[in-house]
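Source file: run_23.cif; contents: mmCIF, C-alpha atoms.
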data_entry
#
loop_
_atom_site.label_atom_id
_atom_site.label_comp_id
_atom_site.auth_asym_id
_atom_site.auth_seq_id
_atom_site.Cartn_x
_atom_site.Cartn_y
_atom_site.Cartn_z
CA MET A 1 50.59 -75.80 3.90
CA ASN A 2 53.48 -74.23 5.77
CA ASN A 3 56.96 -75.29 4.72
CA THR A 4 58.98 -72.65 6.56
CA ASN A 5 60.96 -75.40 8.28
CA GLN A 6 61.98 -76.98 5.02
CA SER A 7 65.58 -76.39 3.95
CA PRO A 8 65.96 -74.51 0.67
CA PHE A 9 65.90 -76.70 -2.45
CA PRO A 10 65.75 -80.18 -1.00
CA LEU A 11 64.49 -81.34 -4.40
CA GLY A 12 66.31 -84.41 -5.62
CA GLY A 13 68.55 -84.34 -2.57
CA VAL A 14 69.99 -80.92 -3.40
CA GLY A 15 71.09 -79.10 -0.27
CA GLY A 16 72.46 -75.66 0.52
CA GLY A 17 71.00 -72.23 0.03
CA GLY A 18 68.95 -71.24 -2.99
CA ASN A 19 67.78 -67.99 -4.48
CA LEU A 20 65.39 -68.69 -7.34
CA ILE A 21 62.74 -71.16 -8.47
CA ILE A 22 61.66 -71.14 -12.13
CA ILE A 23 58.52 -73.01 -13.20
CA GLY A 24 58.81 -73.98 -16.86
CA ALA A 25 61.86 -74.66 -19.02
CA GLY A 26 60.69 -73.06 -22.26
CA PRO A 27 62.54 -70.15 -23.93
CA GLY A 28 61.77 -67.73 -21.10
CA GLY A 29 62.48 -70.18 -18.30
CA TYR A 30 65.75 -71.70 -19.47
CA ARG A 31 67.19 -68.34 -20.56
CA ALA A 32 66.27 -66.87 -17.17
CA ALA A 33 67.93 -69.84 -15.45
CA GLU A 34 71.07 -69.45 -17.57
CA HIS A 35 71.29 -65.71 -16.83
CA ALA A 36 70.64 -66.24 -13.13
CA ALA A 37 73.22 -69.02 -12.83
CA LYS A 38 75.92 -67.02 -14.60
CA ASN A 39 75.31 -64.25 -12.11
CA GLY A 40 75.65 -66.49 -9.08
CA LEU A 41 72.03 -67.30 -8.24
CA LYS A 42 71.36 -70.85 -7.10
CA THR A 43 68.42 -71.87 -9.25
CA VAL A 44 65.93 -74.73 -9.42
CA ILE A 45 64.01 -75.01 -12.70
CA ILE A 46 61.00 -77.31 -12.83
CA GLU A 47 59.67 -78.77 -16.09
CA ARG A 48 56.84 -81.28 -16.44
CA ASP A 49 57.56 -82.09 -20.10
CA GLU A 50 60.56 -81.75 -22.40
CA VAL A 51 62.88 -78.78 -21.97
CA GLY A 52 62.60 -76.10 -24.63
CA GLY A 53 58.86 -75.64 -24.25
CA THR A 54 56.28 -75.32 -27.01
CA CYS A 55 58.57 -73.26 -29.23
CA LEU A 56 61.31 -75.86 -29.53
CA ASN A 57 59.25 -79.05 -29.34
CA ARG A 58 55.91 -78.21 -30.93
CA GLY A 59 56.07 -74.71 -32.43
CA CYS A 60 58.69 -72.37 -33.83
CA ILE A 61 61.44 -74.90 -34.52
CA PRO A 62 59.41 -77.83 -35.95
CA THR A 63 57.47 -75.49 -38.24
CA LYS A 64 60.69 -73.94 -39.53
CA THR A 65 62.03 -77.38 -40.44
CA TYR A 66 58.86 -77.78 -42.51
CA VAL A 67 59.42 -74.40 -44.16
CA HIS A 68 62.94 -75.39 -45.18
CA SER A 69 62.22 -78.97 -46.26
CA ALA A 70 61.56 -79.92 -49.89
CA THR A 71 59.02 -82.67 -49.18
CA PHE A 72 56.65 -83.71 -46.42
CA ALA A 73 58.59 -86.93 -45.77
CA GLU A 74 61.84 -84.98 -45.41
CA ALA A 75 60.14 -82.51 -43.06
CA VAL A 76 58.85 -85.29 -40.77
CA GLU A 77 62.32 -86.83 -40.54
CA ARG A 78 64.27 -83.58 -40.14
CA GLN A 79 61.88 -82.25 -37.49
CA GLN A 80 62.80 -85.02 -35.08
CA GLN A 81 66.53 -84.61 -35.71
CA VAL A 82 66.55 -80.83 -35.32
CA VAL A 83 64.38 -80.84 -32.20
CA ALA A 84 66.48 -83.54 -30.54
CA GLN A 85 69.71 -81.66 -31.26
CA LEU A 86 68.39 -78.36 -29.91
CA ARG A 87 66.79 -80.01 -26.89
CA ALA A 88 70.16 -81.51 -26.02
CA GLY A 89 71.63 -78.04 -26.25
CA VAL A 90 69.10 -76.69 -23.75
CA GLU A 91 69.80 -79.56 -21.37
CA GLN A 92 73.49 -78.69 -21.61
CA ILE A 93 72.70 -75.10 -20.65
CA LEU A 94 70.74 -76.38 -17.65
CA SER A 95 73.68 -78.52 -16.50
CA HIS A 96 75.35 -75.42 -15.05
CA PRO A 97 76.51 -76.03 -11.45
CA ASN A 98 74.16 -73.33 -10.17
CA ILE A 99 71.12 -74.92 -11.85
CA THR A 100 69.11 -77.92 -10.71
CA LEU A 101 66.65 -79.27 -13.30
CA VAL A 102 63.70 -81.08 -11.74
CA ARG A 103 61.18 -83.07 -13.78
CA GLY A 104 57.55 -83.03 -12.70
CA GLU A 105 54.43 -80.94 -12.22
CA ALA A 106 55.03 -77.87 -10.05
CA ARG A 107 52.46 -76.60 -7.59
CA PHE A 108 52.42 -73.57 -5.32
CA GLU A 109 52.10 -74.34 -1.62
CA ASP A 110 52.49 -70.69 -0.59
CA ALA A 111 54.11 -67.54 -1.98
CA GLN A 112 57.65 -68.89 -1.48
CA THR A 113 57.12 -72.63 -1.64
CA VAL A 114 56.68 -74.95 -4.61
CA SER A 115 56.12 -78.71 -4.51
CA VAL A 116 56.66 -81.15 -7.35
CA GLY A 117 54.73 -84.26 -8.26
CA ASP A 118 53.04 -85.87 -5.26
CA GLY A 119 54.27 -83.12 -2.95
CA SER A 120 57.04 -85.12 -1.34
CA ALA A 121 59.64 -82.84 -2.98
CA VAL A 122 59.50 -79.21 -1.88
CA ALA A 123 61.54 -76.09 -2.67
CA THR A 124 61.50 -72.68 -1.04
CA ALA A 125 63.05 -69.49 -2.36
CA PRO A 126 62.64 -65.72 -1.96
CA HIS A 127 62.14 -65.36 -5.71
CA ILE A 128 59.98 -67.39 -8.10
CA ILE A 129 59.59 -66.95 -11.87
CA ILE A 130 56.53 -68.48 -13.54
CA ALA A 131 57.16 -69.39 -17.19
CA THR A 132 54.40 -71.89 -17.91
CA GLY A 133 53.67 -70.67 -21.44
CA SER A 134 50.34 -71.08 -23.22
CA THR A 135 47.92 -73.61 -24.69
CA ALA A 136 45.94 -73.70 -27.92
CA LYS A 137 42.54 -71.98 -27.96
CA MET A 138 39.63 -74.03 -29.25
CA LEU A 139 36.40 -72.61 -30.62
CA PRO A 140 33.33 -73.49 -28.49
CA LEU A 141 31.66 -75.49 -31.27
CA PRO A 142 29.09 -78.22 -30.62
CA ASP A 143 31.10 -80.71 -32.70
CA ILE A 144 34.58 -79.68 -31.58
CA ASP A 145 35.28 -83.33 -30.72
CA ASP A 146 35.25 -84.17 -34.45
CA PRO A 147 38.19 -86.58 -34.90
CA ARG A 148 39.47 -84.51 -37.82
CA VAL A 149 40.17 -81.53 -35.52
CA MET A 150 43.80 -81.00 -34.56
CA THR A 151 45.97 -78.44 -32.86
CA SER A 152 49.32 -77.47 -34.37
CA THR A 153 50.98 -80.00 -32.04
CA GLN A 154 48.94 -82.87 -33.45
CA LEU A 155 49.38 -81.69 -37.04
CA LEU A 156 53.15 -81.83 -36.62
CA GLN A 157 52.83 -85.44 -35.51
CA LEU A 158 51.23 -86.57 -38.77
CA THR A 159 53.24 -88.98 -40.89
CA THR A 160 50.81 -88.95 -43.82
CA LEU A 161 50.19 -85.78 -45.81
CA PRO A 162 46.49 -84.80 -45.67
CA ARG A 163 44.87 -84.55 -49.09
CA LYS A 164 42.58 -81.72 -47.97
CA LEU A 165 43.52 -79.45 -45.07
CA CYS A 166 41.17 -76.83 -43.66
CA ILE A 167 42.70 -74.24 -41.35
CA ILE A 168 40.46 -72.19 -39.07
CA GLY A 169 42.26 -68.95 -38.31
CA ALA A 170 44.53 -66.79 -40.48
CA GLY A 171 46.95 -65.67 -37.80
CA VAL A 172 50.62 -66.60 -37.64
CA ILE A 173 50.07 -70.32 -36.99
CA GLY A 174 47.37 -70.69 -39.62
CA MET A 175 49.23 -68.81 -42.34
CA GLU A 176 52.52 -70.63 -41.78
CA PHE A 177 50.89 -74.06 -41.98
CA ALA A 178 48.79 -73.02 -44.97
CA SER A 179 51.90 -71.98 -46.88
CA VAL A 180 53.86 -75.11 -45.96
CA PHE A 181 51.18 -77.74 -46.60
CA GLN A 182 50.12 -76.17 -49.90
CA ARG A 183 53.73 -76.41 -51.05
CA PHE A 184 53.84 -80.07 -49.97
CA GLY A 185 50.77 -80.77 -52.10
CA SER A 186 47.74 -80.53 -49.82
CA GLU A 187 44.61 -78.77 -50.98
CA VAL A 188 44.42 -75.96 -48.40
CA THR A 189 41.47 -73.79 -47.37
CA VAL A 190 41.78 -71.05 -44.72
CA ILE A 191 38.68 -69.76 -42.91
CA GLU A 192 39.01 -66.43 -41.06
CA TYR A 193 36.43 -64.40 -39.14
CA LEU A 194 38.22 -61.07 -39.73
CA LYS A 195 38.33 -59.26 -43.07
CA GLU A 196 42.09 -59.73 -43.44
CA CYS A 197 44.75 -62.20 -42.40
CA LEU A 198 47.58 -61.50 -39.94
CA PRO A 199 46.00 -58.60 -38.01
CA MET A 200 49.37 -57.62 -36.46
CA LEU A 201 50.62 -56.71 -39.94
CA ASP A 202 49.95 -53.56 -41.91
CA SER A 203 46.77 -54.40 -43.87
CA ASP A 204 48.37 -53.41 -47.18
CA ILE A 205 51.22 -55.85 -46.58
CA ALA A 206 48.88 -58.58 -45.33
CA LYS A 207 46.58 -58.27 -48.34
CA ARG A 208 49.46 -58.46 -50.81
CA LEU A 209 50.80 -61.57 -49.09
CA ARG A 210 47.36 -63.22 -49.04
CA LYS A 211 46.81 -62.49 -52.74
CA LEU A 212 50.17 -64.03 -53.57
CA LEU A 213 49.30 -67.17 -51.60
CA GLU A 214 45.94 -67.31 -53.36
CA LYS A 215 47.74 -67.33 -56.71
CA ARG A 216 49.70 -70.33 -55.48
CA GLY A 217 46.50 -72.25 -54.83
CA ILE A 218 45.39 -71.56 -51.24
CA THR A 219 41.68 -70.82 -50.87
CA PHE A 220 40.78 -68.07 -48.39
CA ARG A 221 37.30 -67.57 -46.97
CA MET A 222 37.51 -64.24 -45.15
CA LYS A 223 34.82 -62.68 -42.94
CA THR A 224 33.47 -66.17 -42.30
CA ALA A 225 32.36 -67.50 -38.92
CA VAL A 226 32.54 -71.24 -38.30
CA GLN A 227 29.42 -72.52 -36.56
CA SER A 228 29.72 -76.21 -37.32
CA LEU A 229 32.50 -78.49 -38.55
CA SER A 230 30.18 -80.95 -40.27
CA ASP A 231 30.00 -78.83 -43.43
CA ILE A 232 33.77 -78.62 -43.86
CA ASP A 233 35.13 -80.83 -46.62
CA ALA A 234 38.59 -81.79 -45.35
CA ASP A 235 40.58 -84.74 -44.09
CA VAL A 236 42.18 -82.64 -41.35
CA ILE A 237 40.92 -79.46 -39.65
CA LEU A 238 43.60 -77.37 -37.96
CA MET A 239 42.31 -75.19 -35.14
CA ALA A 240 44.59 -72.15 -35.38
CA THR A 241 42.51 -69.65 -33.42
CA GLY A 242 45.29 -68.43 -31.17
CA ARG A 243 46.73 -69.37 -27.80
CA LYS A 244 45.81 -68.59 -24.20
CA PRO A 245 48.00 -68.30 -21.09
CA ARG A 246 48.57 -71.56 -19.20
CA VAL A 247 47.30 -70.73 -15.72
CA SER A 248 46.63 -73.06 -12.80
CA THR A 249 44.23 -73.08 -9.88
CA ASP A 250 47.12 -73.37 -7.44
CA PHE A 251 48.09 -69.79 -8.38
CA GLN A 252 45.37 -68.78 -5.90
CA VAL A 253 47.47 -70.20 -3.07
CA ALA A 254 50.33 -67.87 -3.97
CA GLY A 255 47.96 -64.91 -3.81
CA PHE A 256 48.80 -62.94 -6.98
CA ASP A 257 46.23 -61.59 -9.43
CA TYR A 258 45.57 -63.49 -12.65
CA ASP A 259 42.85 -64.05 -15.20
CA GLU A 260 42.21 -67.28 -17.11
CA ARG A 261 42.01 -65.42 -20.43
CA ALA A 262 44.36 -62.47 -19.93
CA GLY A 263 46.99 -64.29 -17.88
CA ILE A 264 48.96 -63.20 -14.83
CA LYS A 265 48.95 -59.49 -14.01
CA VAL A 266 52.48 -58.05 -13.92
CA ASN A 267 54.18 -54.65 -13.68
CA GLU A 268 56.94 -53.22 -15.89
CA HIS A 269 59.46 -55.60 -14.29
CA PHE A 270 57.16 -58.61 -14.86
CA GLU A 271 56.61 -58.89 -11.12
CA THR A 272 53.17 -60.04 -10.03
CA THR A 273 51.01 -58.41 -7.38
CA VAL A 274 52.91 -60.52 -4.83
CA GLY A 275 56.46 -59.27 -4.36
CA GLY A 276 59.17 -61.73 -5.33
CA ILE A 277 56.98 -63.68 -7.76
CA TYR A 278 57.44 -62.92 -11.47
CA ALA A 279 55.60 -64.11 -14.58
CA ILE A 280 57.29 -64.07 -17.99
CA GLY A 281 56.37 -65.09 -21.52
CA ASP A 282 52.99 -66.23 -22.76
CA VAL A 283 51.57 -66.72 -19.27
CA ASN A 284 51.42 -62.96 -18.68
CA GLY A 285 49.60 -62.47 -22.01
CA ARG A 286 51.61 -59.42 -23.04
CA GLN A 287 53.67 -60.49 -26.04
CA MET A 288 53.28 -64.12 -27.06
CA LEU A 289 56.65 -64.51 -28.74
CA ALA A 290 59.57 -66.76 -27.79
CA HIS A 291 62.08 -63.91 -28.00
CA ALA A 292 59.82 -61.72 -25.85
CA ALA A 293 59.79 -64.46 -23.20
CA GLU A 294 63.59 -64.70 -23.28
CA MET A 295 64.13 -60.98 -22.80
CA GLN A 296 61.43 -60.76 -20.11
CA GLY A 297 63.21 -63.53 -18.25
CA ILE A 298 66.53 -61.71 -18.45
CA HIS A 299 64.91 -58.50 -17.23
CA ALA A 300 63.18 -60.27 -14.33
CA VAL A 301 66.50 -61.76 -13.21
CA ASN A 302 68.17 -58.37 -13.53
CA HIS A 303 65.45 -56.91 -11.31
CA ILE A 304 66.07 -59.63 -8.74
CA LEU A 305 69.79 -58.82 -8.88
CA GLY A 306 69.10 -55.08 -8.53
CA ARG A 307 70.73 -54.52 -11.90
CA GLU A 308 69.51 -51.94 -14.42
CA ASP A 309 69.18 -52.80 -18.10
CA HIS A 310 67.89 -50.95 -21.15
CA ILE A 311 65.75 -53.56 -22.88
CA ARG A 312 63.10 -51.86 -25.04
CA PHE A 313 59.95 -53.94 -24.63
CA ASP A 314 58.02 -51.29 -26.55
CA ILE A 315 60.00 -52.31 -29.63
CA MET A 316 59.23 -55.97 -30.32
CA PRO A 317 59.84 -57.31 -33.83
CA SER A 318 58.01 -60.39 -35.06
CA ALA A 319 58.00 -62.55 -38.17
CA ILE A 320 55.67 -64.88 -40.04
CA PHE A 321 57.51 -67.63 -41.91
CA THR A 322 55.22 -68.14 -44.84
CA THR A 323 56.75 -68.35 -48.32
CA PRO A 324 57.60 -65.57 -48.82
CA GLU A 325 57.97 -64.48 -45.21
CA ALA A 326 56.59 -61.35 -43.57
CA ALA A 327 57.70 -59.33 -40.56
CA CYS A 328 56.93 -56.18 -38.61
CA VAL A 329 58.11 -53.90 -35.86
CA GLY A 330 56.32 -50.85 -34.50
CA LYS A 331 52.87 -49.67 -35.50
CA SER A 332 51.18 -50.28 -38.83
CA GLU A 333 49.73 -47.57 -41.05
CA ASP A 334 46.27 -48.69 -39.93
CA GLN A 335 47.17 -48.09 -36.28
CA LEU A 336 48.80 -44.73 -36.97
CA LYS A 337 45.71 -43.57 -38.86
CA ALA A 338 43.34 -44.82 -36.16
CA GLU A 339 45.32 -42.95 -33.50
CA GLY A 340 45.38 -39.77 -35.56
CA THR A 341 49.19 -39.78 -35.31
CA ALA A 342 51.06 -37.79 -37.93
CA TYR A 343 53.49 -39.97 -39.92
CA GLU A 344 55.38 -40.36 -43.16
CA VAL A 345 55.52 -43.63 -45.06
CA ARG A 346 58.16 -44.72 -47.56
CA LYS A 347 57.84 -47.80 -49.73
CA ALA A 348 60.29 -49.99 -51.60
CA PHE A 349 59.82 -53.17 -53.62
CA HIS A 350 61.75 -56.38 -54.13
CA ARG A 351 61.23 -56.15 -57.88
CA ALA A 352 63.55 -53.13 -58.01
CA ASN A 353 66.37 -54.85 -56.12
CA GLY A 354 69.17 -56.58 -58.00
CA LYS A 355 69.76 -59.33 -55.42
CA ALA A 356 66.04 -60.14 -55.24
CA LEU A 357 65.83 -60.49 -59.02
CA ALA A 358 68.96 -62.66 -59.09
CA MET A 359 67.37 -64.88 -56.42
CA ASN A 360 64.11 -65.03 -58.41
CA GLU A 361 62.37 -63.41 -55.40
CA SER A 362 60.75 -60.39 -57.01
CA GLU A 363 57.55 -60.54 -54.92
CA GLY A 364 57.85 -58.31 -51.89
CA MET A 365 57.34 -54.87 -50.42
CA LEU A 366 58.61 -52.86 -47.45
CA LYS A 367 56.94 -49.90 -45.73
CA LEU A 368 58.97 -47.64 -43.44
CA PHE A 369 57.19 -45.25 -41.05
CA SER A 370 58.67 -42.15 -39.44
CA GLU A 371 57.72 -38.98 -37.58
CA PRO A 372 57.28 -36.04 -40.00
CA ASP A 373 59.24 -33.49 -38.00
CA SER A 374 62.06 -35.41 -36.36
CA GLY A 375 62.37 -38.16 -38.94
CA ARG A 376 62.58 -40.74 -36.12
CA ILE A 377 61.74 -44.22 -37.40
CA VAL A 378 58.64 -45.61 -35.70
CA GLY A 379 57.91 -48.78 -37.61
CA CYS A 380 58.52 -51.11 -40.51
CA HIS A 381 56.24 -53.76 -42.04
CA ALA A 382 57.33 -55.97 -44.94
CA PHE A 383 56.82 -59.17 -46.86
CA GLY A 384 59.14 -60.92 -49.27
CA ALA A 385 62.41 -62.82 -49.13
CA HIS A 386 64.40 -62.04 -45.96
CA ALA A 387 61.72 -59.64 -44.68
CA ALA A 388 62.55 -60.72 -41.11
CA ASP A 389 66.20 -59.75 -41.51
CA MET A 390 65.33 -56.29 -42.80
CA VAL A 391 62.78 -55.70 -40.05
CA GLN A 392 65.34 -56.85 -37.48
CA GLU A 393 67.71 -54.13 -38.74
CA VAL A 394 64.95 -51.55 -38.32
CA SER A 395 64.24 -52.85 -34.82
CA VAL A 396 67.87 -52.22 -33.85
CA LEU A 397 67.72 -48.73 -35.33
CA MET A 398 64.50 -47.97 -33.46
CA CYS A 399 66.10 -49.04 -30.17
CA ARG A 400 68.55 -46.20 -30.71
CA ASP A 401 65.92 -43.67 -31.93
CA THR A 402 67.52 -43.52 -35.37
CA THR A 403 66.09 -41.13 -37.96
CA VAL A 404 65.44 -41.73 -41.65
CA GLN A 405 68.12 -39.15 -42.42
CA GLN A 406 70.67 -41.11 -40.38
CA LEU A 407 69.66 -44.36 -42.08
CA ARG A 408 70.33 -42.78 -45.48
CA ASP A 409 73.93 -42.19 -44.44
CA MET A 410 74.54 -45.83 -43.43
CA VAL A 411 76.43 -47.91 -45.98
CA HIS A 412 74.69 -51.12 -47.05
CA ILE A 413 76.45 -53.98 -48.83
CA HIS A 414 75.74 -54.34 -52.55
CA PRO A 415 74.13 -56.48 -53.75
CA THR A 416 71.93 -57.40 -50.78
CA LEU A 417 68.23 -57.41 -50.00
CA SER A 418 68.94 -54.94 -47.19
CA GLU A 419 69.36 -52.31 -49.88
CA ILE A 420 65.56 -52.39 -50.13
CA LEU A 421 65.50 -50.70 -46.74
CA LEU A 422 68.03 -48.11 -47.88
CA THR A 423 65.93 -47.48 -50.99
CA ALA A 424 62.88 -46.86 -48.83
CA ALA A 425 64.81 -44.39 -46.68
CA GLU A 426 65.90 -42.49 -49.78
CA MET A 427 62.32 -42.10 -51.00
CA GLY A 428 60.33 -39.00 -50.24
CA GLY A 429 57.76 -39.48 -47.45
CA ASN A 430 54.04 -39.18 -48.15
#
Please express the file's structure as structure tokens.
Amino acid sequence: MNNTNQSPFPLGGVGGGGNLIIIGAGPGGYRAAEHAAKNGLKTVIIERDEVGGTCLNRGCIPTKTYVHSATFAEAVERQQQVVAQLRAGVEQILSHPNITLVRGEARFEDAQTVSVGDGSAVATAPHIIIATGSTAKMLPLPDIDDPRVMTSTQLLQLTTLPRKLCIIGAGVIGMEFASVFQRFGSEVTVIEYLKECLPMLDSDIAKRLRKLLEKRGITFRMKTAVQSLSDIDADVILMATGRKPRVSTDFQVAGFDYDERAGIKVNEHFETTVGGIYAIGDVNGRQMLAHAAEMQGIHAVNHILGREDHIRFDIMPSAIFTTPEAACVGKSEDQLKAEGTAYEVRKAFHRANGKALAMNESEGMLKLFSEPDSGRIVGCHAFGAHAADMVQEVSVLMCRDTTVQQLRDMVHIHPTLSEILLTAAEMGGN
């Protein structure tokens, strides 16, 4: 279909010139739209569902309301309130004069043309950003249509607490829901094919966290492959086996390279194999994190504007909001050993920190990794109260190539949990 005679952005009666089309109003899409609009780009953003994407409506935010709610009933009620408030905030962002929000299913007509809905509305632009996110992976089991099987989206829609919950997969989604529902009173079993949970974490940290959750009553069946659901004794079975990029057959019309499992192929600027078309967030399969999508969107817009930035995509912190939480940035000790990379590791524990003891949060550990010669910090993995905050500090330090020696000279407030990091820096490496 050739729409070269169409005026730019006729969607919804919008006239005038336009510079950018964004498909998807999740964290990557709406942040890219905001950044583009503030820098003068006329932008159309197309969303088929609610703004905010999976993270706000069905993922990060709803699960965190569960983490910070005392009871299941309170969590169900607060989830709706928090999501609605934040969604309204995103819609306010998208009310910028340079942004046109269009509701409906987007479809490529060619490399510079996107239609919406039945095709009667069409937009053209020299630059397009795809931010369609991801969908839940499902195991190819013969009885996968068992009515007890749910994705995280469906689990968050429950209004009755399941008596027995079985979670297949001990990644971030599985571990967060296991921690939350056990605390609410469900009998929780986690089945995992790998020998340890949370493979992105240092195995020492992951094992300590798993053992702590076992003491609290969660049953783990590691190194176990699920071949049938009929033998699982549970009221609800959560399929938490990861997510896959949300790709579409109409991508073929645009002409860029993509794979149904790996996502859209992009370069260091998140530009696809067709110039002017970018893919950010989960759909490119690189780093399936909301904050990664946001920063990729900002970088893609900067590239469109011809503006240089210094975002370090090689340094990407992440957190798991179990109770207690865990977090990491940089490589784990397992990865450093496997690569044969020389390193030093320093450890510190919550039980030796005054603030942690005062908070009754003595369970926790932090590992800090550095280069032996230069002392440059190359990673940090931790679990325990406020682990994410400490790892975030290390992430900032790593972005500036800070050394352990320099960290030792940085004043930390007393009493705070961040002193755990300072304690680690003061330890001798081994």
What is the atom CA of Arg400 of chain A-atom CA of Leu368 of chain A distance in Å, reported with one decimal?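 Separation of atom CA of Arg400 of chain A and atom CA of Leu368 of chain A: 16.0 Å.
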Per residue of segment 178-213 of chain A within 9 Å of segment 157-169 of chain A, which atom pair is closest and at what distance in Å (one decimal), using only C-alpha atoms, listed by chain and increasing number, as a Markdown table?
| residue | atom | partner | partner_atom | distance |
| --- | --- | --- | --- | --- |
| A:Ala178 | CA | A:Ile167 | CA | 7.2 |
| A:Phe181 | CA | A:Leu165 | CA | 8.0 |
| A:Gln182 | CA | A:Leu165 | CA | 8.8 |
| A:Phe184 | CA | A:Leu161 | CA | 8.0 |
| A:Gly185 | CA | A:Arg163 | CA | 7.6 |
| A:Ser186 | CA | A:Arg163 | CA | 5.0 |
| A:Glu187 | CA | A:Lys164 | CA | 4.7 |
| A:Val188 | CA | A:Leu165 | CA | 4.9 |
| A:Thr189 | CA | A:Cys166 | CA | 4.8 |
| A:Val190 | CA | A:Ile167 | CA | 4.7 |
| A:Ile191 | CA | A:Ile168 | CA | 4.9 |
| A:Glu192 | CA | A:Gly169 | CA | 4.9 |
| A:Tyr193 | CA | A:Gly169 | CA | 7.4 |
| A:Leu194 | CA | A:Gly169 | CA | 9.0 |
| A:Cys197 | CA | A:Gly169 | CA | 8.3 |
Ground truth for the PyMOL selection byres ((chain A and resi 110-121) around 7), written as a list in words: Asn3, Pro10, Leu11, Gly104, Glu105, Ala106, Arg107, Phe108, Glu109, Val122, Ala123, Thr124, Ala125, Pro126, Val253, Ala254 and Gly255 of chain A
Can you list what the PyMOL selection byres ((chain A and resi 355) around 8) grabs from this structure, as a list of chain:residue names?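 When the PyMOL selection byres ((chain A and resi 355) around 8) is applied to the shown file, the picked residues are A:Asn353, A:Gly354, A:Ala356, A:Leu357, A:Ala358, A:Met359, A:Pro415, A:Thr416, A:Leu417.
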Tell me, as a ChimeraX atom specification, which residues lie within 8 Å of segment 327-338 of chain A, counting all atoms listed in the file; anything in the same chain fewer than 2 positions away does not count. /A:200-203,315-320,325,340-343,369,378-383,387-388,391-392,394-395
Output the selection as a tab-separated table (two decimals), in the coordinates of the input - C-alpha atoms for each residue.
chain	number	residue	atom	x	y	z
A	200	MET	CA	49.37	-57.62	-36.46
A	201	LEU	CA	50.62	-56.71	-39.94
A	202	ASP	CA	49.95	-53.56	-41.91
A	203	SER	CA	46.77	-54.40	-43.87
A	315	ILE	CA	60.00	-52.31	-29.63
A	316	MET	CA	59.23	-55.97	-30.32
A	317	PRO	CA	59.84	-57.31	-33.83
A	318	SER	CA	58.01	-60.39	-35.06
A	319	ALA	CA	58.00	-62.55	-38.17
A	320	ILE	CA	55.67	-64.88	-40.04
A	325	GLU	CA	57.97	-64.48	-45.21
A	340	GLY	CA	45.38	-39.77	-35.56
A	341	THR	CA	49.19	-39.78	-35.31
A	342	ALA	CA	51.06	-37.79	-37.93
A	343	TYR	CA	53.49	-39.97	-39.92
A	369	PHE	CA	57.19	-45.25	-41.05
A	378	VAL	CA	58.64	-45.61	-35.70
A	379	GLY	CA	57.91	-48.78	-37.61
A	380	CYS	CA	58.52	-51.11	-40.51
A	381	HIS	CA	56.24	-53.76	-42.04
A	382	ALA	CA	57.33	-55.97	-44.94
A	383	PHE	CA	56.82	-59.17	-46.86
A	387	ALA	CA	61.72	-59.64	-44.68
A	388	ALA	CA	62.55	-60.72	-41.11
A	391	VAL	CA	62.78	-55.70	-40.05
A	392	GLN	CA	65.34	-56.85	-37.48
A	394	VAL	CA	64.95	-51.55	-38.32
A	395	SER	CA	64.24	-52.85	-34.82
Can you tell me which residues surround segment 293-300 of chain A at a distance of at most 7 Å, considering all atoms listed in the file, apart from same-chain residues fewer than 5 positions away, and format the answer as a list in words?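 Neighbouring residues, sequence-local ones excluded: Pro27, Gly28, Gly29, Arg31, Ala32, His35, His269, Phe270, Tyr278, Ile280 and Gly281 of chain A.
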I need the residues from that last selection saved to file as a PDB file, in the coordinates of the input (with C-alpha atoms), if you can.
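The file below, part-v6.pdb, is the result:
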ATOM      1  CA  PRO A  27      62.540 -70.150 -23.930  1.00  0.00           C
ATOM      2  CA  GLY A  28      61.770 -67.730 -21.100  1.00  0.00           C
ATOM      3  CA  GLY A  29      62.480 -70.180 -18.300  1.00  0.00           C
ATOM      4  CA  ARG A  31      67.190 -68.340 -20.560  1.00  0.00           C
ATOM      5  CA  ALA A  32      66.270 -66.870 -17.170  1.00  0.00           C
ATOM      6  CA  HIS A  35      71.290 -65.710 -16.830  1.00  0.00           C
ATOM      7  CA  HIS A 269      59.460 -55.600 -14.290  1.00  0.00           C
ATOM      8  CA  PHE A 270      57.160 -58.610 -14.860  1.00  0.00           C
ATOM      9  CA  TYR A 278      57.440 -62.920 -11.470  1.00  0.00           C
ATOM     10  CA  ILE A 280      57.290 -64.070 -17.990  1.00  0.00           C
ATOM     11  CA  GLY A 281      56.370 -65.090 -21.520  1.00  0.00           C
TER      12      GLY A 281
END
Hey, what's within 9 Å of Val76 of chain A if we count all atoms listed in the file and toss same-chain stuff fewer than 4 positions away? As a PDB file with C-alpha atoms, keeping the file's coordinate frame, please?
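Generated output (out04.pdb):
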ATOM      1  CA  PRO A  62      59.410 -77.830 -35.950  1.00  0.00           C
ATOM      2  CA  THR A  65      62.030 -77.380 -40.440  1.00  0.00           C
ATOM      3  CA  TYR A  66      58.860 -77.780 -42.510  1.00  0.00           C
ATOM      4  CA  THR A  71      59.020 -82.670 -49.180  1.00  0.00           C
ATOM      5  CA  PHE A  72      56.650 -83.710 -46.420  1.00  0.00           C
ATOM      6  CA  GLN A  80      62.800 -85.020 -35.080  1.00  0.00           C
ATOM      7  CA  LEU A 156      53.150 -81.830 -36.620  1.00  0.00           C
ATOM      8  CA  GLN A 157      52.830 -85.440 -35.510  1.00  0.00           C
ATOM      9  CA  LEU A 158      51.230 -86.570 -38.770  1.00  0.00           C
ATOM     10  CA  THR A 159      53.240 -88.980 -40.890  1.00  0.00           C
TER      11      THR A 159
END
